[in-house]
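J.: The structure follows.
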Amino acid sequence: MLLYTPRLVLREFEEADWHAVAAYQSDPRYLRYYPWTTRTPADARAFVAMFIGWQREAPRYRYQLAITRRDDGRLIGNCGIRKAEAGASVAELGYELDPSYWHHGYATEAATAMLRFAFDDLDLHRVSAVCIAENVASTRVLERLGMRLEGRMREREYYKGRWWDVLLYAILAREWRAEHAEG
């Protein structure tokens, strides 16, 4: 599966991708909003292997794609749509980006392509996403996508010695289509 944007190609993960994933997941800026304090090569291999395993599901209901730059092919993150089961009409959007590529619009560009796939190809009714409330950059991405804040789950996650609030965002198919209608 391939999705194209003006600057990116979203493609299926390959085994060798773990090297790039390990590099960005070891960055302290990346680790800030995750429960991990470190990421090992074995962690990155298992992470990539999980996504490769999803490619073999039949019927497939989870799509987590590597985000690569068109100009140099460099893997800079991942983005995906995950349904709870094959027949579901709702799904969750998730993405992460190498901190070296933050603040360039790549996450929004990749997530826009993934939402287009979710609504146009998978014919989903609703897509939601969660993020740590303090991760303001991620909330901005979700809002630029047209997703609406539906709630704040207070002290929902506990890691790194503290409780974190989590925000829930969502967009419906009709909202997506109204915002992206051609004409």
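Labels used: A, B, ... for chains in the order of the structure tokens, numbers from 1 for residues in each chain, and numbers from 1 for ligands as shown.
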Can you pull out every residue from segment 43-90 of chain A that DSSP, working from the backbone, puts in alpha helix (DSSP H), and format the result as number ranges by chain?
T.: A: 43-55
J.: Within 10 Å of Arg116 of chain A, counting only C-alpha atoms, which residues show up once you throw out same-chain ones fewer than 4 positions away? Write them as a count of residues only, please.
T.: 11
J.: Report as a VMD selection string all protein, DNA and RNA residues lying within 6 Å of Ser128 of chain A, evaluated on only C-alpha atoms, omitting residues in the same chain fewer than 3 positions from it.
T.: chain A and resid 92 169 to 170
J.: Selection from above, all heavy atoms, as a PDB file, in the first residue's frame, can you write it?
T.:
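Ended up saving to part.pdb:
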ATOM      1  N   GLU A  92      -9.089   4.518  15.033  1.00  0.00           N
ATOM      2  CA  GLU A  92      -8.240   5.483  15.712  1.00  0.00           C
ATOM      3  C   GLU A  92      -7.067   5.856  14.817  1.00  0.00           C
ATOM      4  O   GLU A  92      -6.480   4.984  14.163  1.00  0.00           O
ATOM      5  CB  GLU A  92      -7.739   4.916  17.035  1.00  0.00           C
ATOM      6  CG  GLU A  92      -6.956   5.927  17.848  1.00  0.00           C
ATOM      7  CD  GLU A  92      -6.637   5.437  19.247  1.00  0.00           C
ATOM      8  OE1 GLU A  92      -7.571   5.069  19.979  1.00  0.00           O
ATOM      9  OE2 GLU A  92      -5.440   5.412  19.591  1.00  0.00           O
ATOM     10  N   TYR A 169      -9.892  13.544  20.579  1.00  0.00           N
ATOM     11  CA  TYR A 169     -10.347  14.283  19.402  1.00  0.00           C
ATOM     12  C   TYR A 169     -11.035  13.301  18.453  1.00  0.00           C
ATOM     13  O   TYR A 169     -10.734  12.108  18.461  1.00  0.00           O
ATOM     14  CB  TYR A 169      -9.157  14.900  18.660  1.00  0.00           C
ATOM     15  CG  TYR A 169      -8.611  16.152  19.291  1.00  0.00           C
ATOM     16  CD1 TYR A 169      -7.724  16.089  20.346  1.00  0.00           C
ATOM     17  CD2 TYR A 169      -8.986  17.406  18.812  1.00  0.00           C
ATOM     18  CE1 TYR A 169      -7.220  17.245  20.923  1.00  0.00           C
ATOM     19  CE2 TYR A 169      -8.485  18.563  19.377  1.00  0.00           C
ATOM     20  CZ  TYR A 169      -7.599  18.480  20.430  1.00  0.00           C
ATOM     21  OH  TYR A 169      -7.105  19.625  20.992  1.00  0.00           O
ATOM     22  N   ALA A 170     -11.937  13.815  17.604  1.00  0.00           N
ATOM     23  CA  ALA A 170     -12.565  12.958  16.596  1.00  0.00           C
ATOM     24  C   ALA A 170     -13.083  13.808  15.445  1.00  0.00           C
ATOM     25  O   ALA A 170     -13.293  15.020  15.580  1.00  0.00           O
ATOM     26  CB  ALA A 170     -13.706  12.145  17.201  1.00  0.00           C
TER      27      ALA A 170
END
J.: Give me the residues within 10 Å of Arg70 of chain A as a PyMOL selection string, counting only C-alpha atoms and dropping any in the same chain fewer than 4 places off.
T.: chain A and resi 4-10+74-75
J.: Which residue, A:Asp72, A:Ala129, A:Glu85, A:Arg140, has the smallest gap to His103 of chain A when you use only C-alpha atoms?
T.: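 Of A:Asp72, A:Ala129, A:Glu85, A:Arg140, the one nearest His103 of chain A, counting only C-alpha atoms, is A:Arg140.
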